[in-house]
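Peer 1: Structure below; questions to follow.
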Amino acid sequence: MSKRIFIVALISQILTSNAYTKQDDISSFVDVSKRDPRYFELSNGSPYIPIGFNLVGPPREEEFDRLFKIMAENKINYCRVWLSHRDWDVEHEKCLQFDPDRAKTIDHFLSLARKNGIRVKMCLEHFRDIRGDRNRWSDNTLYHKANGGPYDSMHEYLFSENGRSHFKAKLDWYAGRYGNDPAVFAWELWNEMDAVRDSEWLDWTKEMLAELQSRFPRNLNIQSLGSYDWERKRESYKTLCLLGDNDVAQVHRYLDEGAGWEICHGPVDVLASQAVRELIAFNPGKPIILTETGAVKPRHTGCSELYEKDRDGVLLHDMLFAPFFSGAAGTGHVWWWRQALEEPNLWYHFARFAEAVKGVDPPAEHFKPVMIPNDRFRLYVLKGRKTVLAWCRDSQNNWKNELVLGHQPETLYGLEIDLSPYLDGPRKAQVRVYDPWKNRWQDKSIESGRIKLDAFTRSVVIRVD
């Protein structure tokens with residue numbers, strides 16, 4: 001073989017290999033990693049860090065192409081939808097009558113997700129009561145006897161044999177159409193089921209997680225509870241996180257000045273990190289994800305006005321970075337997507353997070369999270385087998401100072417970070433510092449485990465390989 005033919009063949013082989021790897025990723029399922037069950041990987045062995053948000057309420061179908069293009073460009077690989085939303089609900093005219101035409105919207109959405117390498121969490125239900133007349137956004141009137149349905153109350157639906165058979169029949173329909181689809185990240189039983197009237201959610205959840213597993217054995221199966229904004233919810237969260245059939249330990253946590261837990265009033269990185277650490281303390285032995293986060297008016301009475309002031313995305317940045325650097329398996333997943341992402345055009349923050357962790361294989365690293373407070377900054381460290389990642393966050397810059405009081409973020413000069421406790425003795429190491437606000441990497445030197453940082457505002461990421 002001539003040298004030229006050999007080179008052409010080699011290039012072809014490389015291109016084919018890369019194309020195969022990409023296609024193989026798309027056709028692979030998301031699994032709990034066998035190498036480290038605190039993280040995810042694809043069924044082909046590739047690491048998977050869910051980077052995304054809650055796409056609720058769903059976009060109009062004519063928006064799909066534009067939104068998926070934006071998501072792919074910004075390295076988003078995950079989103080969550082409510083199948084029970086009024087525009088997507090296939091059971092919208094009569095109980096147990098499923099509309100195949102309405103399902104075409106879901107078909108279209110999943111086809112674009114497959115094309116763009118995005119996994120979708122499919123949340124099955126969200127309503128909180130069954131009533132003859134709608135009093136709240138979360139009422140289900142279709143199921144009530146006053147409107148031709150079979151139930152007098154939410155309690156009857158959840159606890160009668162007829163009601164449970166009804167839910168299982170709906171699972172059967174979804175399984176027949178979407179069973180074992182690799183574009184599905186997980187099937188989620190209910191949005192915040194402890195907020196449902198008369199829920200006594202645990203018994204129902206145990207039964208229905210097993211039903212999910214029997215119908216969707218290749219997909220993850222999960223349940224969710226309401227915002228972790230009171231310490232009295234700790235036992236409920238611990239119980240759910242430790243359920244064997246619940247594949248992911250999920251937590252919802254918001255910036256909410258009306259919350260009963262004081263930590264929910266403070267800096268977003270702190271409240272997000274603490275939610276993750278609470279679940280780590282339960283020792284669930286499974287991935288932990290902050291699957292709903294955001295900023296709300298007191299006591300969840302609406303979307304916070306802070307988003308209108310947050311043109312740089314300070315809130316979003318902390319929601320993305322703090323959970324992962326505290327030991328979660330992915331970013332925090334923001335709610336209020338139109339206000340937090342679309343209207344201020346802050347999609348690029350996802351790409352900045354993806355850049356900060358590019359090439360990182362969390363299951364291989366077996367990261368150990370550590371949070372180090374300091375008078376001037378908070379240092380969130382992930383100590384791995386070969387890599388140390390650290391997110392350095394200015395502790396004097398927060399949403400209240402910047403968005404309410406109008407204080408511009410201070411430029412920090414001459415900071416020196418000591419990572420020596422997290423490095424395995426003296427060794428040659430490549431050190432790089434990433435500024436996610438400028439999208440810029442810099443090579444740095446390290447002396448006795450200490451790294452001198454150039455001037456920055458708000459935060460930087462340090463990577464030692």
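Ordered as shown in the structure tokens, chains take letters A, B, and onward, while each chain numbers its residues from 1 and ligands are numbered from 1 in the order shown.
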Residues of stretch 198-314 of chain A classed as strand (DSSP E) by DSSP on the backbone are to be reported as a list in words.
Peer 2: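 Everything in stretch 198-314 of chain A that counts as strand (DSSP E) is Leu220, Asn221, Ile222, Ala249, Gln250, Val251, His252, Ile288, Ile289, Leu290, Thr291 and Glu292 of chain A.
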Peer 1: I want to know what sits within 12 Å of A:Leu158, based on only C-alpha atoms, with residues of the same chain fewer than 4 positions away left out; could you give that as number ranges by chain?
Peer 2: A: 128-130, 143, 151-154, 162-168, 193, 196-205, 207-208
Peer 1: I need the residues from that last selection saved to file as a PDB file, in the first residue's frame (with C-alpha atoms), if you can.
Peer 2:
```pdb
ATOM      1  CA  ARG A 128     -53.319  17.751  42.450  1.00  0.00           C
ATOM      2  CA  ASP A 129     -57.054  17.331  42.861  1.00  0.00           C
ATOM      3  CA  ILE A 130     -60.137  15.988  41.060  1.00  0.00           C
ATOM      4  CA  TYR A 143     -62.004  12.551  35.873  1.00  0.00           C
ATOM      5  CA  TYR A 151     -64.360   9.463  40.472  1.00  0.00           C
ATOM      6  CA  ASP A 152     -65.794  11.577  43.263  1.00  0.00           C
ATOM      7  CA  SER A 153     -62.404  12.616  44.606  1.00  0.00           C
ATOM      8  CA  MET A 154     -58.643  12.417  44.338  1.00  0.00           C
ATOM      9  CA  ASN A 162     -60.452   1.115  39.696  1.00  0.00           C
ATOM     10  CA  GLY A 163     -58.253   4.210  39.995  1.00  0.00           C
ATOM     11  CA  ARG A 164     -55.012   2.253  40.098  1.00  0.00           C
ATOM     12  CA  SER A 165     -56.091   0.127  37.137  1.00  0.00           C
ATOM     13  CA  HIS A 166     -56.836   3.367  35.298  1.00  0.00           C
ATOM     14  CA  PHE A 167     -53.300   4.649  35.840  1.00  0.00           C
ATOM     15  CA  LYS A 168     -51.805   1.312  34.791  1.00  0.00           C
ATOM     16  CA  MET A 193     -46.685  13.967  44.514  1.00  0.00           C
ATOM     17  CA  VAL A 196     -51.407  16.095  45.842  1.00  0.00           C
ATOM     18  CA  ARG A 197     -54.587  16.121  47.942  1.00  0.00           C
ATOM     19  CA  ASP A 198     -54.919  12.958  50.059  1.00  0.00           C
ATOM     20  CA  SER A 199     -51.837  11.585  48.367  1.00  0.00           C
ATOM     21  CA  GLU A 200     -50.242   9.448  51.079  1.00  0.00           C
ATOM     22  CA  TRP A 201     -47.768   9.188  48.238  1.00  0.00           C
ATOM     23  CA  LEU A 202     -45.495   6.416  49.495  1.00  0.00           C
ATOM     24  CA  ASP A 203     -47.746   3.366  49.127  1.00  0.00           C
ATOM     25  CA  TRP A 204     -48.918   4.454  45.671  1.00  0.00           C
ATOM     26  CA  THR A 205     -45.352   5.239  44.605  1.00  0.00           C
ATOM     27  CA  GLU A 207     -46.653   0.069  43.583  1.00  0.00           C
ATOM     28  CA  MET A 208     -46.318   2.264  40.521  1.00  0.00           C
TER      29      MET A 208
END
```
Peer 1: Residues near stretch 48-50 of chain A, anyone? I mean within 6 Å using only C-alpha atoms, not counting same-chain ones fewer than 4 positions away, as a list of chain:residue names.
Peer 2: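 Result of the neighbour search: A:Phe40, A:Glu41, A:Tyr78, A:Gly330.
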Peer 1: Would you mind telling me which residue in A:Gly406, A:Pro150, A:Gly176, A:Gly449 lies nearest to A:Leu96 when using only C-alpha atoms?
Peer 2: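 The shortest atom-to-atom distance to A:Leu96 comes from A:Pro150.
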Peer 1: Each residue of stretch 149-212 of chain A with at least one atom at most 12 Å from stretch 290-314 of chain A should appear once, together with its nearest atom pair and the corresponding distance in Å (one decimal); atoms considered: only C-alpha atoms; ordering: chain, then increasing residue number; output as a tab-separated table.
Peer 2:
```
residue	atom	partner	partner_atom	distance
A:Glu188	CA	A:Thr291	CA	11.5
A:Asn191	CA	A:Glu292	CA	10.3
A:Glu192	CA	A:Glu292	CA	10.3
```
Peer 1: Taking N, CA and C atoms for each residue, export the selection above as a CSV table (one decimal), in the first residue's frame.
Peer 2:
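Final output, result34.csv:
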```csv
chain,number,residue,atom,x,y,z
A,188,GLU,N,-41.1,9.5,34.8
A,188,GLU,CA,-41.4,10.1,36.2
A,188,GLU,C,-42.9,10.0,36.5
A,191,ASN,N,-45.4,14.8,39.2
A,191,ASN,CA,-44.7,16.0,39.6
A,191,ASN,C,-45.1,16.3,41.1
A,192,GLU,N,-44.1,16.3,42.0
A,192,GLU,CA,-44.3,16.7,43.4
A,192,GLU,C,-45.5,16.0,44.0
```
Peer 1: Residues within 8 Å of A:Trp82, please, as an mmCIF file with N, CA and C atoms, in the first residue's frame. Count only C-alpha atoms; anything in the same chain fewer than 6 positions from it doesn't count.
Peer 2:
```
data_model
loop_
_atom_site.group_PDB
_atom_site.id
_atom_site.type_symbol
_atom_site.label_atom_id
_atom_site.label_comp_id
_atom_site.auth_asym_id
_atom_site.auth_seq_id
_atom_site.Cartn_x
_atom_site.Cartn_y
_atom_site.Cartn_z
ATOM 1 N N VAL A 56 -41.296 23.223 30.636
ATOM 2 C CA VAL A 56 -42.689 23.181 31.082
ATOM 3 C C VAL A 56 -43.149 24.608 31.318
ATOM 4 N N GLY A 57 -44.342 25.105 30.793
ATOM 5 C CA GLY A 57 -45.154 24.430 29.821
ATOM 6 C C GLY A 57 -44.436 24.346 28.477
ATOM 7 N N PRO A 58 -44.826 23.346 27.737
ATOM 8 C CA PRO A 58 -44.084 23.032 26.525
ATOM 9 C C PRO A 58 -44.204 24.126 25.472
ATOM 10 N N TRP A 88 -50.399 18.601 25.535
ATOM 11 C CA TRP A 88 -49.800 17.313 25.191
ATOM 12 C C TRP A 88 -50.605 16.125 25.688
ATOM 13 N N MET A 122 -39.788 12.138 30.936
ATOM 14 C CA MET A 122 -41.216 12.116 30.640
ATOM 15 C C MET A 122 -41.990 12.038 31.952
ATOM 16 N N CYS A 123 -42.501 13.183 32.409
ATOM 17 C CA CYS A 123 -43.298 13.232 33.638
ATOM 18 C C CYS A 123 -44.752 12.953 33.283
ATOM 19 N N LEU A 124 -45.330 11.935 33.908
ATOM 20 C CA LEU A 124 -46.642 11.436 33.493
ATOM 21 C C LEU A 124 -47.809 12.281 33.989
ATOM 22 N N GLU A 125 -47.794 12.694 35.248
ATOM 23 C CA GLU A 125 -48.940 13.424 35.799
ATOM 24 C C GLU A 125 -48.478 14.603 36.644
ATOM 25 N N HIS A 126 -49.367 15.594 36.765
ATOM 26 C CA HIS A 126 -49.052 16.743 37.612
ATOM 27 C C HIS A 126 -50.256 17.265 38.387
#
```
Peer 1: When distances are computed from only C-alpha atoms, which of A:His333, A:Lys233, A:Arg253, A:Arg134 shows the smallest separation from A:Leu55?
Peer 2: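 Using only C-alpha atoms, A:Leu55 sits closest to A:His333.
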